[in-house]
Amino acid sequence: MKENRWSLRENSSLCRYIPIISILGAFIAALFILFYPPMPGIADQGDFERVMKATGLTDAKGKDSAHWFKYVVTEYKMLPTSFSRLLGIIPTTSMIYPITFGKLLCKVIGYNYFDTRILAFIYLILYMTGLYICFSCIHFKNIAAAVFFSILSIIILVDGNYIVWFNSLYGEPMMIVGFLLFISSIIYFLKHREDRSYKKFLFIFISSILFLGAKAQCFVELPLVVLIMLRIVKIDRKQIFNKTNIFLVITTLTLIFYVKGVYCKIDSSCGVDTKFNSVFYGILKNSQSPKKDLVMLGLSPDLSVEAGKHAYLPKSAYVKYIPWSDITNKEFNQKISNIKLAKFYILHPDRLLKGMEYTASKSFHTETSLGKYERSKVSKYNPEFNRFTFWSNFRNLKLPKTLSFIVVFYTLVFLVSFIEYIKNKKNEKITLQIEILWMIMFVGIVQFPMPYIGNGEADTAKQLFLFNYTFDITFLVGCTWIFDKLVATYYKYKRFYFELLS
């Protein structure tokens with residue numbers, strides 16, 4: 001009997017068109033999500049100001065207090081961009097790069113203001129670039145699996161509750177765009193690993209900058225990104241000390257210094273609030289003995305009067321220790337550290353487990369109650385958004401939001417992928433792709449406990465944005481693997497049936 005008619009070898013010419021057709025479908029879906037009127041976005045909940053200061057933007061045109069939380073603002077006044085920040089001399093969020101390019105485009109178009117819809121389009125182009133590279137470079141055994149992967153990728157990764165964030169000044173879109181570009185840069189390198197040009201290494205370096213510099217929570221992924229880069233160096237063991245590998249090592253060291261600087265800069269501003277939340281709205285919120293916990297943290301028991309409060313309440317809501325006040329700075333900010341927080345949870349695993357159960361209850365939720373439209377486009381505040389949100393609605397409503405489900409899911413995926421890794425250990429293409437999957441999984445696993453440990457019960461769902469994204473990619477890969485096995489099994493038994501007849 002002839003070979004499976006769905007094999008890539010039998011359909012090599014057709015296979016070349018799958019990535020093109022897929023990316024066109026993804027692009028059309030994304031354009032509908034972002035630009036079909038009324039054009040949606042995400043309202044500011046107070047996060048935009050620090051981004052605006054760093055990237056050369058100032059107060060929105062016609063902005064007033066009524067816009068906060070409820071209405072999208074797309075127009076901002078433009079200030080000169082600091083070249084010191086662009087060059088990384090002054091550590092700055094990586095959002096400065098697409099925003100600076102967006103400012104240039106706005107000036108070319110003739111706008112006297114910065115329009116976040118231009119930024120959304122820039123994010124969209126970068127995102128589609130990453131998707132296209134994945135569509136064209138991932139190795140599939142048969143064309144059916146390639147088609148299935150492409151369709152499911154559009155449904156899951158181009159979900160409206162991801163794409164709508166592009167029209168905003170939040171760090172979330174830069175984070176997932178940078179992460180997808182980083183994944184695609186590694187996949188592209190592995191497919192063309194015999195051509196070890198500087199351009200491919202530069203692509204990896206730039207994408208890692210965009211990813212790790214997007215938000216403070218990405219800083220913990222730096223060791224993993226560095227390990228991946230060192231893994232690339234070791235692929236060609238005979239030429240470890242060639243010029244391109246030395247270039248990669250230099251860029252890796254540059255990346256470490258840049259990301260560390262960005263983290264320190266962000267931590268000095270918003271880190272004060274998150275540490276307050278992590279203790280008072282996390283450790284102390286449901287504590288049976290707040291004073292005892294404070295002593296274990298090396299803090300004054302008197303701070304217990306603020307137990308259960310977060311950092312965003314009116315000043316009148318605090319008894320004594322108001323966030324950012326002199327006494328709070330002296331008695332709390334100067335004495336607490338991330339190391340002390342980590343040590344507390346290591347010594348109290350039961351408290352950590354309860355925190356993770358709470359975190360799991362907030363997972364799989366990428367939608368937000370913030371306003372989605374400009375005030376001039378809708379009659380009243382509208383947080384609802386249902387454009388191409390099939391997957392996020394299903395995930396949020398149907399998947400179990402429990403710690404046990406998440407643990408079982410990741411354990412099963414790892415065990416199955418490990419078995420496949422052992423079975424295909426002589427096939428470098430497959431083993432390297434599995435290693436990329438493990439990297440994606442590990443990014444999500446590291447992200448999962450961070451919201452609660454670093455910010456208590458404040459804004460947990462939003463802080464799980466990257467975890468949800470990595471979960472979706474893992475789910476996508478798992479479904480594709482199952483589909484591929486079903487197709488292979490079908491043709492195996494079909495071949496066996498025809499052999500019996502003949």
# chains A, B, ... in the order shown; residues from 1 in each chain; ligands from 1
>>> residues_around(residues="segment 291-296 of chain A", least_positions_apart="5", cutoff="10 Å", atoms="only C-alpha atoms", output="number ranges by chain")
A: 279-280, 283-284, 301-305, 307, 340, 343-344, 347
>>> write_last_selection(atoms="C-alpha atoms", output="mmCIF file, in the first residue's frame")
data_model
loop_
_atom_site.group_PDB
_atom_site.id
_atom_site.type_symbol
_atom_site.label_atom_id
_atom_site.label_comp_id
_atom_site.auth_asym_id
_atom_site.auth_seq_id
_atom_site.Cartn_x
_atom_site.Cartn_y
_atom_site.Cartn_z
ATOM 1 C CA VAL A 279 2.805 40.779 53.915
ATOM 2 C CA PHE A 280 -0.406 42.538 54.978
ATOM 3 C CA ILE A 283 0.759 36.430 55.023
ATOM 4 C CA LEU A 284 -1.269 38.355 57.611
ATOM 5 C CA PRO A 301 4.406 43.148 66.054
ATOM 6 C CA ASP A 302 2.792 46.598 66.124
ATOM 7 C CA LEU A 303 2.387 46.373 62.341
ATOM 8 C CA SER A 304 -0.397 43.824 62.911
ATOM 9 C CA VAL A 305 -2.916 46.716 63.137
ATOM 10 C CA ALA A 307 -3.332 43.060 58.795
ATOM 11 C CA LYS A 340 12.665 36.975 53.972
ATOM 12 C CA LYS A 343 12.245 31.974 53.768
ATOM 13 C CA PHE A 344 8.897 32.394 55.567
ATOM 14 C CA LEU A 347 9.473 27.297 56.809
#
>>> residues_around(residues="segment 49-61 of chain A", least_positions_apart="2", cutoff="6 Å", atoms="only C-alpha atoms", output="PyMOL selection string")
chain A and resi 47+63+75-81+96
>>> write_last_selection(atoms="N, CA and C atoms", output="PDB file, in the first residue's frame")
ATOM      1  N   ASP A  47      -1.685  51.779  36.282  1.00  0.00           N
ATOM      2  CA  ASP A  47      -0.389  51.224  35.897  1.00  0.00           C
ATOM      3  C   ASP A  47       0.329  52.033  34.820  1.00  0.00           C
ATOM      4  N   LYS A  63      -8.053  63.808  29.500  1.00  0.00           N
ATOM      5  CA  LYS A  63      -8.260  62.786  30.521  1.00  0.00           C
ATOM      6  C   LYS A  63      -8.793  63.405  31.810  1.00  0.00           C
ATOM      7  N   GLU A  75      -5.271  58.457  23.303  1.00  0.00           N
ATOM      8  CA  GLU A  75      -4.415  59.561  22.871  1.00  0.00           C
ATOM      9  C   GLU A  75      -3.581  60.119  24.026  1.00  0.00           C
ATOM     10  N   TYR A  76      -2.276  60.215  23.794  1.00  0.00           N
ATOM     11  CA  TYR A  76      -1.346  60.725  24.804  1.00  0.00           C
ATOM     12  C   TYR A  76      -0.398  61.745  24.176  1.00  0.00           C
ATOM     13  N   LYS A  77      -0.025  62.741  24.946  1.00  0.00           N
ATOM     14  CA  LYS A  77       0.930  63.732  24.462  1.00  0.00           C
ATOM     15  C   LYS A  77       2.326  63.126  24.415  1.00  0.00           C
ATOM     16  N   MET A  78       3.075  63.493  23.377  1.00  0.00           N
ATOM     17  CA  MET A  78       4.415  62.927  23.184  1.00  0.00           C
ATOM     18  C   MET A  78       5.495  63.874  23.691  1.00  0.00           C
ATOM     19  N   LEU A  79       6.461  63.307  24.426  1.00  0.00           N
ATOM     20  CA  LEU A  79       7.648  64.025  24.880  1.00  0.00           C
ATOM     21  C   LEU A  79       8.865  63.391  24.213  1.00  0.00           C
ATOM     22  N   PRO A  80       9.998  64.073  24.171  1.00  0.00           N
ATOM     23  CA  PRO A  80      11.210  63.481  23.574  1.00  0.00           C
ATOM     24  C   PRO A  80      11.604  62.196  24.294  1.00  0.00           C
ATOM     25  N   THR A  81      12.043  61.224  23.534  1.00  0.00           N
ATOM     26  CA  THR A  81      12.492  59.945  24.101  1.00  0.00           C
ATOM     27  C   THR A  81      13.943  60.056  24.536  1.00  0.00           C
ATOM     28  N   ILE A  96       9.611  50.560  25.857  1.00  0.00           N
ATOM     29  CA  ILE A  96      10.104  51.795  25.256  1.00  0.00           C
ATOM     30  C   ILE A  96      10.372  51.624  23.762  1.00  0.00           C
TER      31      ILE A  96
END
>>> closest_residue(among="A:Asn286, A:Thr129, A:Ser376, A:Thr368", to="Phe27 of chain A", atoms="only C-alpha atoms")
A:Thr129
>>> residues_around(residues="Phe414 of chain A", least_positions_apart="4", cutoff="9 Å", atoms="only C-alpha atoms", output="PyMOL selection string")
chain A and resi 409-410+418-419+438+441
>>> select_by_dssp(residues="segment 154-403 of chain A", states="alpha helix (DSSP H)", output="ChimeraX atom specification")
/A:154-157,160-163,172-191,198-212,222-235,243-269,271-278,290-296,326-328,338-347,349-361,390-398,403
>>> residues_around(residues="segment 355-362 of chain A", least_positions_apart="5", cutoff="6 Å", atoms="only C-alpha atoms", output="ChimeraX atom specification")
/A:401-403,461
>>> write_last_selection(atoms="N, CA and C atoms", output="PDB file, in the first residue's frame")
ATOM      1  N   LYS A 401     -10.553  24.959  38.307  1.00  0.00           N
ATOM      2  CA  LYS A 401      -9.609  25.934  38.866  1.00  0.00           C
ATOM      3  C   LYS A 401      -9.130  25.445  40.222  1.00  0.00           C
ATOM      4  N   THR A 402      -8.437  24.323  40.185  1.00  0.00           N
ATOM      5  CA  THR A 402      -7.938  23.713  41.410  1.00  0.00           C
ATOM      6  C   THR A 402      -6.453  23.426  41.274  1.00  0.00           C
ATOM      7  N   LEU A 403      -5.777  23.419  42.409  1.00  0.00           N
ATOM      8  CA  LEU A 403      -4.345  23.129  42.406  1.00  0.00           C
ATOM      9  C   LEU A 403      -4.074  21.701  41.948  1.00  0.00           C
ATOM     10  N   ALA A 461      -5.368  37.467  39.449  1.00  0.00           N
ATOM     11  CA  ALA A 461      -5.707  37.010  38.098  1.00  0.00           C
ATOM     12  C   ALA A 461      -4.855  37.709  37.043  1.00  0.00           C
TER      13      ALA A 461
END
>>> closest_atom_pairs(of="segment 75-169 of chain A", to="segment 200-219 of chain A", cutoff="8 Å", atoms="only C-alpha atoms", output="JSON lines")
{"residue": "A:Thr92", "atom": "CA", "partner": "A:Gly213", "partner_atom": "CA", "distance": 7.6}
{"residue": "A:Thr93", "atom": "CA", "partner": "A:Gly213", "partner_atom": "CA", "distance": 5.2}
{"residue": "A:Ser94", "atom": "CA", "partner": "A:Gly213", "partner_atom": "CA", "distance": 4.8}
{"residue": "A:Met95", "atom": "CA", "partner": "A:Ala214", "partner_atom": "CA", "distance": 6.2}
>>> write_last_selection(atoms="N, CA and C atoms", output="PDB file, in the first residue's frame")
ATOM      1  N   THR A  92      15.290  50.611  31.567  1.00  0.00           N
ATOM      2  CA  THR A  92      13.903  51.015  31.288  1.00  0.00           C
ATOM      3  C   THR A  92      13.130  49.820  30.757  1.00  0.00           C
ATOM      4  N   THR A  93      11.841  49.790  31.031  1.00  0.00           N
ATOM      5  CA  THR A  93      10.986  48.739  30.487  1.00  0.00           C
ATOM      6  C   THR A  93      11.187  48.597  28.974  1.00  0.00           C
ATOM      7  N   SER A  94      11.157  47.368  28.490  1.00  0.00           N
ATOM      8  CA  SER A  94      11.351  47.125  27.053  1.00  0.00           C
ATOM      9  C   SER A  94      10.204  47.672  26.218  1.00  0.00           C
ATOM     10  N   MET A  95       9.125  48.111  26.863  1.00  0.00           N
ATOM     11  CA  MET A  95       8.029  48.740  26.135  1.00  0.00           C
ATOM     12  C   MET A  95       8.480  50.022  25.440  1.00  0.00           C
TER      13      MET A  95
END
>>> residues_around(residues="Ile33 of chain A", least_positions_apart="6", cutoff="10 Å", atoms="only C-alpha atoms", output="short mmCIF file (atom, residue, chain, number, x, y, z; two decimals) with N, CA and C atoms, in the first residue's frame")
data_model
loop_
_atom_site.label_atom_id
_atom_site.label_comp_id
_atom_site.auth_asym_id
_atom_site.auth_seq_id
_atom_site.Cartn_x
_atom_site.Cartn_y
_atom_site.Cartn_z
N PHE A 27 -4.17 36.74 11.26
CA PHE A 27 -4.11 38.19 11.10
C PHE A 27 -5.52 38.79 10.92
N MET A 39 -13.70 50.24 18.44
CA MET A 39 -12.41 49.64 18.70
C MET A 39 -12.17 49.48 20.19
N PRO A 40 -11.85 48.26 20.63
CA PRO A 40 -11.70 48.01 22.07
C PRO A 40 -10.27 48.23 22.56
N GLY A 41 -10.13 48.25 23.85
CA GLY A 41 -8.83 48.32 24.52
C GLY A 41 -9.04 47.98 25.98
N VAL A 158 -4.73 33.43 19.50
CA VAL A 158 -5.25 34.70 18.98
C VAL A 158 -6.61 35.00 19.65
N ASP A 159 -6.79 34.45 20.82
CA ASP A 159 -8.03 34.69 21.58
C ASP A 159 -8.19 36.18 21.86
N GLY A 160 -9.43 36.64 21.81
CA GLY A 160 -9.70 38.06 22.00
C GLY A 160 -9.25 38.62 23.33
N ASN A 161 -9.28 37.79 24.38
CA ASN A 161 -8.89 38.26 25.70
C ASN A 161 -7.37 38.34 25.88
N TYR A 162 -6.61 37.92 24.88
CA TYR A 162 -5.18 38.22 24.80
C TYR A 162 -4.96 39.47 23.94
N ILE A 163 -5.55 39.45 22.75
CA ILE A 163 -5.28 40.49 21.76
C ILE A 163 -5.79 41.86 22.18
N VAL A 164 -6.90 41.92 22.90
CA VAL A 164 -7.47 43.22 23.28
C VAL A 164 -6.51 44.02 24.17
N PHE A 385 -16.62 41.84 26.82
CA PHE A 385 -15.89 41.72 25.55
C PHE A 385 -15.99 40.28 25.08
N ASN A 386 -16.55 40.09 23.88
CA ASN A 386 -16.79 38.72 23.39
C ASN A 386 -16.39 38.51 21.93
N ARG A 387 -15.35 39.20 21.49
CA ARG A 387 -14.88 39.01 20.12
C ARG A 387 -13.82 37.91 20.07
N PHE A 388 -14.17 36.83 19.44
CA PHE A 388 -13.23 35.71 19.24
C PHE A 388 -12.67 35.24 20.60
N THR A 389 -13.56 35.04 21.56
CA THR A 389 -13.15 34.63 22.90
C THR A 389 -13.64 33.21 23.23
#
>>> residues_around(residues="Ala458 of chain A", least_positions_apart="6", cutoff="12 Å", atoms="only C-alpha atoms", output="number ranges by chain")
A: 273-282, 285, 308-313, 358-359, 362, 450-452, 464
>>> write_last_selection(atoms="C-alpha atoms", output="CSV table (one decimal), in the first residue's frame")
chain,number,residue,atom,x,y,z
A,273,ASP,CA,3.3,48.4,47.1
A,274,THR,CA,3.8,44.8,46.2
A,275,LYS,CA,5.8,44.0,49.3
A,276,PHE,CA,3.2,45.7,51.4
A,277,ASN,CA,0.5,43.6,49.8
A,278,SER,CA,2.6,40.4,50.1
A,279,VAL,CA,2.8,40.8,53.9
A,280,PHE,CA,-0.4,42.5,55.0
A,281,TYR,CA,-2.7,41.2,52.2
A,282,GLY,CA,-1.0,37.9,52.0
A,285,LYS,CA,-4.6,38.4,55.9
A,308,GLY,CA,-5.6,42.2,55.9
A,309,LYS,CA,-5.2,45.6,54.1
A,310,HIS,CA,-3.7,46.2,50.7
A,311,ALA,CA,-1.6,49.2,49.5
A,312,TYR,CA,-4.4,50.9,47.5
A,313,LEU,CA,-6.9,52.0,50.2
A,358,TYR,CA,-6.1,30.5,46.4
A,359,THR,CA,-4.0,31.3,43.3
A,362,LYS,CA,-7.9,32.7,40.2
A,450,MET,CA,4.7,34.5,42.2
A,451,PRO,CA,1.5,36.5,42.5
A,452,TYR,CA,0.7,35.3,46.0
A,464,LEU,CA,-1.2,35.1,36.3
>>> atom_distance(atom1="atom CA of Leu34 of chain A", atom2="atom CA of Phe148 of chain A")
25.0 Å
>>> residues_around(residues="Tyr132 of chain A", least_positions_apart="3", cutoff="8 Å", atoms="only C-alpha atoms", output="list in words")
Pro19, Ile20, Ser22, Ile23, Met128, Thr129, Phe135 and Ser136 of chain A
>>> write_last_selection(atoms="N, CA and C atoms", output="PDB file, in the first residue's frame")
ATOM      1  N   PRO A  19       1.662  27.518   6.482  1.00  0.00           N
ATOM      2  CA  PRO A  19       1.993  28.673   7.323  1.00  0.00           C
ATOM      3  C   PRO A  19       1.420  29.983   6.791  1.00  0.00           C
ATOM      4  N   ILE A  20       1.423  30.155   5.466  1.00  0.00           N
ATOM      5  CA  ILE A  20       0.918  31.392   4.867  1.00  0.00           C
ATOM      6  C   ILE A  20      -0.587  31.526   5.095  1.00  0.00           C
ATOM      7  N   SER A  22      -2.349  29.986   7.344  1.00  0.00           N
ATOM      8  CA  SER A  22      -2.600  30.063   8.786  1.00  0.00           C
ATOM      9  C   SER A  22      -2.390  31.475   9.310  1.00  0.00           C
ATOM     10  N   ILE A  23      -1.308  32.102   8.890  1.00  0.00           N
ATOM     11  CA  ILE A  23      -1.010  33.434   9.421  1.00  0.00           C
ATOM     12  C   ILE A  23      -1.998  34.464   8.870  1.00  0.00           C
ATOM     13  N   MET A 128       2.335  38.358  15.024  1.00  0.00           N
ATOM     14  CA  MET A 128       2.134  37.542  13.828  1.00  0.00           C
ATOM     15  C   MET A 128       3.461  37.009  13.294  1.00  0.00           C
ATOM     16  N   THR A 129       4.525  37.793  13.433  1.00  0.00           N
ATOM     17  CA  THR A 129       5.857  37.336  13.014  1.00  0.00           C
ATOM     18  C   THR A 129       6.262  36.104  13.808  1.00  0.00           C
ATOM     19  N   PHE A 135       4.744  28.440  12.879  1.00  0.00           N
ATOM     20  CA  PHE A 135       4.018  27.648  11.878  1.00  0.00           C
ATOM     21  C   PHE A 135       4.962  27.027  10.850  1.00  0.00           C
ATOM     22  N   SER A 136       5.978  27.778  10.442  1.00  0.00           N
ATOM     23  CA  SER A 136       6.842  27.336   9.345  1.00  0.00           C
ATOM     24  C   SER A 136       8.050  26.515   9.795  1.00  0.00           C
TER      25      SER A 136
END
>>> closest_residue(among="A:Gln463, A:Gln334, A:Thr474, A:Ser289", to="Leu412 of chain A", atoms="only C-alpha atoms")
A:Thr474
>>> closest_residue(among="A:Leu152, A:Val407, A:Leu222, A:Asp350", to="Ile473 of chain A", atoms="only C-alpha atoms")
A:Leu152
>>> atom_distance(atom1="atom CA of Ala30 of chain A", atom2="atom CA of Leu124 of chain A")
7.5 Å
>>> atom_distance(atom1="atom CA of Cys137 of chain A", atom2="atom CA of Ile154 of chain A")
16.4 Å
>>> decode(residues="segment 157-179 of chain A", atoms="N, CA and C atoms", output="short mmCIF file (atom, residue, chain, number, x, y, z; two decimals), in the first residue's frame")
data_model
loop_
_atom_site.label_atom_id
_atom_site.label_comp_id
_atom_site.auth_asym_id
_atom_site.auth_seq_id
_atom_site.Cartn_x
_atom_site.Cartn_y
_atom_site.Cartn_z
N LEU A 157 -4.25 31.01 20.71
CA LEU A 157 -3.26 32.06 20.89
C LEU A 157 -3.69 33.42 20.33
N VAL A 158 -4.73 33.43 19.50
CA VAL A 158 -5.25 34.70 18.98
C VAL A 158 -6.61 35.00 19.65
N ASP A 159 -6.79 34.45 20.82
CA ASP A 159 -8.03 34.69 21.58
C ASP A 159 -8.19 36.18 21.86
N GLY A 160 -9.43 36.64 21.81
CA GLY A 160 -9.70 38.06 22.00
C GLY A 160 -9.25 38.62 23.33
N ASN A 161 -9.28 37.79 24.38
CA ASN A 161 -8.89 38.26 25.70
C ASN A 161 -7.37 38.34 25.88
N TYR A 162 -6.61 37.92 24.88
CA TYR A 162 -5.18 38.22 24.80
C TYR A 162 -4.96 39.47 23.94
N ILE A 163 -5.55 39.45 22.75
CA ILE A 163 -5.28 40.49 21.76
C ILE A 163 -5.79 41.86 22.18
N VAL A 164 -6.90 41.92 22.90
CA VAL A 164 -7.47 43.22 23.28
C VAL A 164 -6.51 44.02 24.17
N TRP A 165 -5.61 43.35 24.90
CA TRP A 165 -4.65 44.04 25.75
C TRP A 165 -3.63 44.83 24.93
N PHE A 166 -3.51 44.51 23.63
CA PHE A 166 -2.54 45.21 22.78
C PHE A 166 -2.82 46.72 22.75
N ASN A 167 -4.09 47.08 22.82
CA ASN A 167 -4.46 48.50 22.80
C ASN A 167 -4.47 49.05 24.22
N SER A 168 -3.29 49.16 24.81
CA SER A 168 -3.16 49.67 26.17
C SER A 168 -1.69 49.96 26.44
N LEU A 169 -1.42 50.50 27.62
CA LEU A 169 -0.03 50.73 28.04
C LEU A 169 0.35 49.79 29.18
N TYR A 170 -0.34 48.65 29.27
CA TYR A 170 0.04 47.62 30.24
C TYR A 170 1.25 46.84 29.72
N GLY A 171 1.95 46.19 30.64
CA GLY A 171 3.12 45.38 30.25
C GLY A 171 2.75 44.00 29.74
N GLU A 172 1.49 43.57 29.95
CA GLU A 172 1.08 42.22 29.57
C GLU A 172 1.28 41.92 28.07
N PRO A 173 0.84 42.80 27.16
CA PRO A 173 1.06 42.47 25.73
C PRO A 173 2.53 42.38 25.35
N MET A 174 3.37 43.27 25.90
CA MET A 174 4.80 43.20 25.61
C MET A 174 5.38 41.90 26.14
N MET A 175 4.86 41.42 27.25
CA MET A 175 5.34 40.18 27.86
C MET A 175 5.05 38.97 26.97
N ILE A 176 3.82 38.83 26.50
CA ILE A 176 3.51 37.64 25.69
C ILE A 176 4.05 37.77 24.27
N VAL A 177 4.11 38.99 23.73
CA VAL A 177 4.72 39.18 22.41
C VAL A 177 6.20 38.84 22.48
N GLY A 178 6.89 39.36 23.50
CA GLY A 178 8.31 39.06 23.66
C GLY A 178 8.56 37.59 23.89
N PHE A 179 7.69 36.94 24.67
CA PHE A 179 7.86 35.51 24.95
C PHE A 179 7.67 34.69 23.69
#
